[in-house]
$ cat data32.txt   # compact mmCIF, C-alpha atoms
# COMPACT_ATOMS: atom_id res chain seq x y z
CA MET A 5 13.93 -102.19 -142.02
CA LYS A 6 13.29 -102.53 -145.73
CA VAL A 7 14.88 -105.47 -147.52
CA LEU A 8 17.07 -104.83 -150.55
CA GLN A 9 15.49 -106.52 -153.54
CA GLN A 10 17.65 -108.76 -155.70
CA GLU A 11 16.66 -106.95 -158.89
CA GLN A 12 18.02 -103.70 -157.44
CA ILE A 13 21.56 -105.11 -157.48
CA LEU A 14 23.08 -104.07 -160.79
CA TYR A 15 26.70 -105.07 -160.18
CA GLU A 16 28.59 -106.70 -157.33
CA ASP A 17 32.13 -107.90 -156.67
CA ASN A 18 34.55 -107.87 -153.72
CA HIS A 19 35.23 -104.15 -154.16
CA LEU A 20 32.04 -102.45 -155.38
CA ILE A 21 28.30 -102.83 -155.36
CA ALA A 22 25.95 -100.86 -157.61
CA ILE A 23 22.29 -100.45 -156.67
CA ASN A 24 19.30 -99.23 -158.65
CA LYS A 25 18.03 -96.72 -156.09
CA LYS A 26 14.30 -96.24 -155.82
CA SER A 27 12.85 -92.77 -155.57
CA GLY A 28 12.29 -91.99 -151.90
CA ASP A 29 15.38 -93.80 -150.63
CA ILE A 30 18.09 -91.56 -149.19
CA SER A 31 21.78 -91.92 -150.03
CA GLN A 32 22.99 -90.86 -146.59
CA GLY A 33 21.40 -90.20 -143.22
CA ASP A 34 19.71 -86.81 -142.89
CA LYS A 35 17.51 -84.82 -140.53
CA THR A 36 14.48 -87.02 -141.32
CA GLY A 37 16.03 -89.87 -139.36
CA ASP A 38 15.04 -92.35 -142.09
CA ALA A 39 17.40 -95.25 -142.64
CA PRO A 40 19.69 -94.62 -145.63
CA LEU A 41 20.00 -97.05 -148.52
CA GLY A 42 23.46 -98.07 -147.31
CA GLU A 43 21.93 -99.71 -144.23
CA TYR A 44 19.88 -102.03 -146.46
CA VAL A 45 22.96 -102.82 -148.52
CA LYS A 46 24.97 -103.65 -145.38
CA ALA A 47 22.21 -105.99 -144.19
CA TYR A 48 22.20 -107.70 -147.59
CA ILE A 49 25.99 -108.21 -147.56
CA LYS A 50 25.99 -109.41 -143.95
CA ALA A 51 23.31 -112.01 -144.67
CA LYS A 52 24.66 -113.17 -148.04
CA TYR A 53 28.26 -113.66 -146.88
CA ASN A 54 27.49 -114.49 -143.23
CA LYS A 55 29.81 -111.71 -142.10
CA PRO A 56 30.41 -111.29 -138.37
CA GLY A 57 30.52 -107.83 -136.82
CA GLU A 58 30.13 -104.54 -138.65
CA VAL A 59 30.10 -104.53 -142.46
CA PHE A 60 32.23 -101.88 -144.17
CA LEU A 61 30.40 -99.89 -146.82
CA GLY A 62 31.64 -96.59 -148.24
CA VAL A 63 29.31 -94.01 -149.79
CA ILE A 64 31.00 -92.92 -153.02
CA HIS A 65 28.43 -90.39 -154.26
CA ARG A 66 24.81 -89.41 -153.72
CA LEU A 67 21.53 -89.05 -155.57
CA ASP A 68 18.70 -86.72 -154.57
CA ARG A 69 15.94 -88.44 -152.61
CA PRO A 70 13.27 -88.15 -155.37
CA THR A 71 15.74 -89.29 -158.06
CA SER A 72 16.15 -92.94 -159.04
CA GLY A 73 18.95 -94.91 -160.67
CA ILE A 74 22.53 -96.02 -160.22
CA ILE A 75 24.29 -95.42 -156.94
CA LEU A 76 27.71 -96.90 -156.18
CA PHE A 77 29.04 -98.12 -152.85
CA ALA A 78 32.55 -99.31 -151.98
CA ARG A 79 33.01 -102.59 -150.13
CA THR A 80 36.62 -101.85 -149.17
CA SER A 81 38.48 -98.74 -148.05
CA LYS A 82 40.86 -99.14 -151.01
CA ALA A 83 37.96 -99.05 -153.47
CA LEU A 84 36.43 -96.06 -151.68
CA THR A 85 39.66 -94.04 -151.87
CA ARG A 86 40.22 -94.87 -155.53
CA MET A 87 36.63 -94.25 -156.60
CA THR A 88 36.59 -90.92 -154.76
CA LYS A 89 39.65 -89.91 -156.79
CA LEU A 90 37.96 -90.99 -160.03
CA PHE A 91 34.94 -88.85 -159.24
CA LYS A 92 37.07 -85.83 -158.34
CA SER A 93 39.03 -86.14 -161.58
CA ARG A 94 35.78 -86.58 -163.55
CA GLU A 95 36.75 -90.02 -164.81
CA VAL A 96 33.33 -91.46 -163.98
CA GLN A 97 30.75 -90.83 -166.70
CA LYS A 98 27.13 -90.63 -165.55
CA THR A 99 24.22 -90.34 -167.95
CA TYR A 100 20.78 -89.32 -166.73
CA TRP A 101 17.37 -89.59 -168.34
CA ALA A 102 14.71 -86.99 -167.57
CA VAL A 103 11.15 -86.58 -168.81
CA VAL A 104 9.63 -83.14 -169.41
CA ARG A 105 6.28 -82.08 -170.86
CA ASP A 106 4.96 -79.39 -173.21
CA SER A 107 8.49 -78.17 -173.75
CA ASN A 108 10.03 -76.00 -176.45
CA ILE A 109 13.49 -77.16 -175.42
CA PRO A 110 15.89 -77.33 -178.41
CA ALA A 111 16.77 -80.79 -179.72
CA SER A 112 20.23 -80.59 -178.16
CA GLY A 113 22.46 -78.14 -176.41
CA SER A 114 24.48 -77.25 -173.33
CA CYS A 115 23.61 -75.40 -170.15
CA GLU A 116 26.31 -73.31 -168.53
CA ASN A 117 25.16 -71.26 -165.57
CA PHE A 118 26.35 -70.09 -162.20
CA LEU A 119 24.40 -71.85 -159.46
CA TRP A 120 23.90 -70.89 -155.85
CA LYS A 121 22.50 -73.12 -153.12
CA ASN A 122 20.10 -71.71 -150.53
CA GLU A 123 20.85 -73.91 -147.54
CA LYS A 124 17.65 -73.05 -145.65
CA GLN A 125 15.45 -73.95 -148.62
CA ASN A 126 17.65 -76.83 -149.80
CA LYS A 127 17.22 -75.36 -153.26
CA SER A 128 19.56 -74.02 -155.94
CA TYR A 129 19.16 -70.99 -158.18
CA VAL A 130 20.70 -69.70 -161.40
CA VAL A 131 22.47 -66.49 -160.36
CA ASP A 132 25.00 -63.93 -161.52
CA GLU A 133 28.54 -65.25 -161.37
CA LYS A 134 29.51 -62.45 -158.98
CA LYS A 135 27.14 -63.67 -156.25
CA PRO A 136 29.16 -64.99 -153.28
CA GLY A 137 29.07 -68.78 -153.22
CA ALA A 138 28.04 -69.14 -156.86
CA LYS A 139 29.60 -72.12 -158.68
CA LYS A 140 29.65 -72.87 -162.39
CA GLY A 141 27.44 -75.70 -163.57
CA LEU A 142 27.83 -77.28 -167.01
CA LEU A 143 25.84 -80.05 -168.64
CA HIS A 144 25.05 -81.27 -172.14
CA TYR A 145 21.70 -82.69 -173.25
CA LYS A 146 19.77 -84.03 -176.20
CA VAL A 147 16.15 -85.01 -176.77
CA ILE A 148 16.25 -88.71 -177.59
CA LYS A 149 12.52 -89.43 -177.93
CA THR A 150 9.20 -87.59 -178.11
CA ASP A 151 5.94 -89.34 -177.24
CA GLY A 152 2.93 -87.09 -177.49
CA ALA A 153 3.41 -84.22 -175.06
CA TYR A 154 6.37 -85.89 -173.38
CA LYS A 155 10.04 -85.58 -174.21
CA LEU A 156 12.79 -87.91 -172.99
CA ILE A 157 16.04 -86.00 -172.46
CA GLU A 158 19.48 -87.52 -172.04
CA VAL A 159 21.86 -85.50 -169.87
CA GLN A 160 25.62 -85.67 -169.45
CA LEU A 161 27.03 -83.81 -166.47
CA GLU A 162 30.35 -81.99 -166.62
CA THR A 163 30.02 -80.71 -163.05
CA GLY A 164 28.20 -82.09 -160.04
CA ARG A 165 26.37 -79.19 -158.40
CA HIS A 166 23.47 -79.37 -155.98
CA HIS A 167 20.24 -80.19 -157.88
CA GLN A 168 22.09 -79.23 -161.06
CA ILE A 169 20.00 -81.03 -163.68
CA ARG A 170 16.78 -80.01 -161.99
CA VAL A 171 17.56 -76.29 -161.80
CA GLN A 172 19.20 -76.01 -165.23
CA LEU A 173 16.38 -77.77 -167.10
CA ALA A 174 13.88 -75.60 -165.22
CA ASP A 175 15.85 -72.53 -166.31
CA LEU A 176 15.30 -73.66 -169.92
CA GLY A 177 11.57 -73.67 -169.25
CA SER A 178 11.47 -77.46 -169.00
CA PRO A 179 11.08 -78.53 -165.36
CA ILE A 180 11.20 -82.29 -164.81
CA ILE A 181 7.83 -84.00 -164.39
CA GLY A 182 6.87 -84.13 -160.73
CA ASP A 183 9.50 -81.61 -159.66
CA ASN A 184 7.27 -78.90 -158.23
CA LYS A 185 10.25 -77.60 -156.26
CA TYR A 186 11.62 -76.34 -159.57
CA GLY A 187 8.45 -75.22 -161.24
CA TYR A 188 6.54 -78.27 -162.43
CA LYS A 189 2.83 -77.65 -161.91
CA ARG A 190 2.19 -80.58 -159.57
CA ALA A 191 4.04 -83.22 -157.58
CA ASN A 192 3.87 -86.92 -158.37
CA ARG A 193 1.74 -88.90 -155.95
CA ASP A 194 4.73 -90.84 -154.65
CA GLN A 195 6.88 -87.66 -154.42
CA SER A 196 9.23 -88.97 -157.11
CA ILE A 197 10.51 -86.92 -160.01
CA HIS A 198 11.13 -88.28 -163.49
CA LEU A 199 14.91 -88.11 -163.27
CA HIS A 200 16.88 -91.35 -163.43
CA CYS A 201 20.60 -92.12 -163.43
CA ARG A 202 20.53 -94.49 -166.40
CA TYR A 203 24.17 -95.32 -167.18
CA THR A 204 27.55 -95.05 -165.53
CA SER A 205 30.95 -96.08 -166.86
CA PHE A 206 34.48 -95.98 -165.47
CA ILE A 207 37.67 -97.97 -165.13
CA HIS A 208 37.32 -100.43 -162.26
CA PRO A 209 39.51 -99.12 -159.40
CA VAL A 210 41.10 -102.51 -158.68
CA LYS A 211 40.61 -104.69 -161.75
CA LYS A 212 41.55 -101.81 -164.10
CA GLU A 213 38.96 -102.95 -166.62
CA GLY A 214 36.28 -100.83 -168.26
CA LEU A 215 32.90 -101.18 -166.57
CA LYS A 216 29.50 -99.94 -167.77
CA ILE A 217 26.39 -100.27 -165.61
CA VAL A 218 22.81 -99.80 -166.80
CA ALA A 219 19.83 -99.19 -164.50
CA PRO A 220 16.37 -100.29 -165.70
CA LEU A 221 13.75 -97.56 -165.59
CA PRO A 222 11.17 -97.35 -162.80
CA LYS A 223 7.73 -98.74 -163.57
CA ASP A 224 5.02 -96.15 -164.06
CA VAL A 225 2.80 -94.93 -166.90
CA ILE A 226 5.22 -92.19 -167.96
CA TRP A 227 8.49 -94.13 -167.79
CA ASP A 228 6.76 -97.07 -169.54
CA ARG A 229 6.44 -94.86 -172.63
CA PHE A 230 10.23 -94.93 -172.94
CA ALA A 231 11.13 -98.37 -171.55

$ encode --input "data32.txt" --output "structure tokens"
Amino acid sequence: MKVLQQEQILYEDNHLIAINKKSGDISQGDKTGDAPLGEYVKAYIKAKYNKPGEVFLGVIHRLDRPTSGIILFARTSKALTRMTKLFKSREVQKTYWAVVRDSNIPASGSCENFLWKNEKQNKSYVVDEKKPGAKKGLLHYKVIKTDGAYKLIEVQLETGRHHQIRVQLADLGSPIIGDNKYGYKRANRDQSIHLHCRYTSFIHPVKKEGLKIVAPLPKDVIWDRFA
């Protein structure tokens, strides 16, 4: 089993732990049979605190496998219940950074579409709102830096639909670098995409204090342009 690296731990207390997920790690178990990130986190907690028996760890939310950045886990059932409520009531703010190339995307704007998930393909599409199963997706974005042919885009989600940022940016003609599933011309060698959950902020579910977490960017030649 992989070992959780100390620099991946962004925040930790008795109630929550925030990890800087690497691209390729999975949030929860899936049909691949690969060990999910939570298993590494459990092993870390068990070793650090010398805990006997099974370690409790609640999955609060997920990130796509090729996406990197902040992922939150609950260390107690109380924290899990309260954080789940915060997510449902949209009281957790998540900010993503994405890199696109050769794009005529406007400097800022919003995307409001109806999205439909094809379960067999594990892919979402922009569709007519009348299509059965279609759900509204809304996000806001702005270009925060341009470096040559590359643009760094900051995205704020209003809804949390399947592959939402990926499909909506692609619909604007600006697929994320490496995301050949949504129209980028080639995949990255490591199968990552240049989408990163950069910031998250919320009121701590137990301490009732404001908390903001920042995830350092992955290291590669493209992200290094914007580090």

$ atom_distance --input "data32.txt" --atom1 "CA of Leu176 (chain A)" --atom2 "CA of Asn24 (chain A)"
28.2 Å

$ residues_around --input "data32.txt" --residues "Tyr100 (chain A)" --least-positions-apart "3" --cutoff "6 Å" --atoms "all atoms listed in the file" --output "list in words"
Glu158, Val159, His200, Cys201 and Arg202 of chain A

$ residues_near_point --input "data32.txt" --point "(16.0, -95.0, -158.8)" --cutoff "8 Å" --atoms "all atoms listed in the file" --output "NGL selection string"
:A and (24-27 or 71-74 or 200-201 or 221-222)

$ closest_residue --input "data32.txt" --among "A:Leu142, A:Ile21, A:Met87, A:Val225" --to "His208 (chain A)" --atoms "all atoms listed in the file"
A:Met87

$ closest_residue --input "data32.txt" --among "A:Asp132, A:Tyr188, A:Asn122, A:Trp101" --to "Lys146 (chain A)" --atoms "all atoms listed in the file"
A:Trp101

$ residues_around --input "data32.txt" --residues "Glu116 (chain A)" --least-positions-apart "5" --cutoff "12 Å" --atoms "all atoms listed in the file" --output "PyMOL selection string"
chain A and resi 130-133+139-145+161-163+165+168-169+171-173+175-176

$ closest_residue --input "data32.txt" --among "A:Ala219, A:Val96, A:Leu14, A:Leu41" --to "Ile207 (chain A)" --atoms "all atoms listed in the file"
A:Val96

$ atom_distance --input "data32.txt" --atom1 "CA of Val147 (chain A)" --atom2 "CA of His167 (chain A)"
19.9 Å

$ closest_residue --input "data32.txt" --among "A:Arg170, A:Asn117, A:Ala22, A:Phe230" --to "Lys149 (chain A)" --atoms "all atoms listed in the file"
A:Phe230

$ atom_distance --input "data32.txt" --atom1 "CA of Ile64 (chain A)" --atom2 "CA of Pro209 (chain A)"
12.3 Å

$ residues_around --input "data32.txt" --residues "region 58-61 of chain A" --least-positions-apart "2" --cutoff "6 Å" --atoms "all atoms listed in the file" --output "PDB file with C-alpha atoms, in the coordinates of the input"
ATOM      1  CA  LYS A  46      24.970-103.650-145.380  1.00  0.00           C
ATOM      2  CA  ALA A  78      32.550 -99.310-151.980  1.00  0.00           C
ATOM      3  CA  ARG A  79      33.010-102.590-150.130  1.00  0.00           C
TER       4      ARG A  79
END

$ residues_around --input "data32.txt" --residues "His19 (chain A)" --least-positions-apart "3" --cutoff "9 Å" --atoms "all atoms listed in the file" --output "JSON, numbers by chain"
{"A": [16, 77, 78, 79, 80, 81, 82, 83, 84, 209, 210]}

$ write_last_selection --input "data32.txt" --atoms "C-alpha atoms" --output "short mmCIF file (atom, residue, chain, number, x, y, z; two decimals), keeping the file's coordinate frame"
data_model
loop_
_atom_site.label_atom_id
_atom_site.label_comp_id
_atom_site.auth_asym_id
_atom_site.auth_seq_id
_atom_site.Cartn_x
_atom_site.Cartn_y
_atom_site.Cartn_z
CA GLU A 16 28.59 -106.70 -157.33
CA PHE A 77 29.04 -98.12 -152.85
CA ALA A 78 32.55 -99.31 -151.98
CA ARG A 79 33.01 -102.59 -150.13
CA THR A 80 36.62 -101.85 -149.17
CA SER A 81 38.48 -98.74 -148.05
CA LYS A 82 40.86 -99.14 -151.01
CA ALA A 83 37.96 -99.05 -153.47
CA LEU A 84 36.43 -96.06 -151.68
CA PRO A 209 39.51 -99.12 -159.40
CA VAL A 210 41.10 -102.51 -158.68
#

$ closest_residue --input "data32.txt" --among "A:Lys211, A:Arg66, A:Arg86, A:Arg105" --to "Ile226 (chain A)" --atoms "all atoms listed in the file"
A:Arg105

$ closest_residue --input "data32.txt" --among "A:Thr85, A:Ile75, A:Ile180, A:Phe206" --to "Ile157 (chain A)" --atoms "all atoms listed in the file"
A:Ile180

$ residues_around --input "data32.txt" --residues "Leu8 (chain A)" --least-positions-apart "4" --cutoff "9 Å" --atoms "all atoms listed in the file" --output "list in words"
Gln12, Ile13, Leu41, Tyr44, Val45, Ala47 and Tyr48 of chain A

$ write_last_selection --input "data32.txt" --atoms "C-alpha atoms" --output "PDB file, keeping the file's coordinate frame"
ATOM      1  CA  GLN A  12      18.020-103.700-157.440  1.00  0.00           C
ATOM      2  CA  ILE A  13      21.560-105.110-157.480  1.00  0.00           C
ATOM      3  CA  LEU A  41      20.000 -97.050-148.520  1.00  0.00           C
ATOM      4  CA  TYR A  44      19.880-102.030-146.460  1.00  0.00           C
ATOM      5  CA  VAL A  45      22.960-102.820-148.520  1.00  0.00           C
ATOM      6  CA  ALA A  47      22.210-105.990-144.190  1.00  0.00           C
ATOM      7  CA  TYR A  48      22.200-107.700-147.590  1.00  0.00           C
TER       8      TYR A  48
END
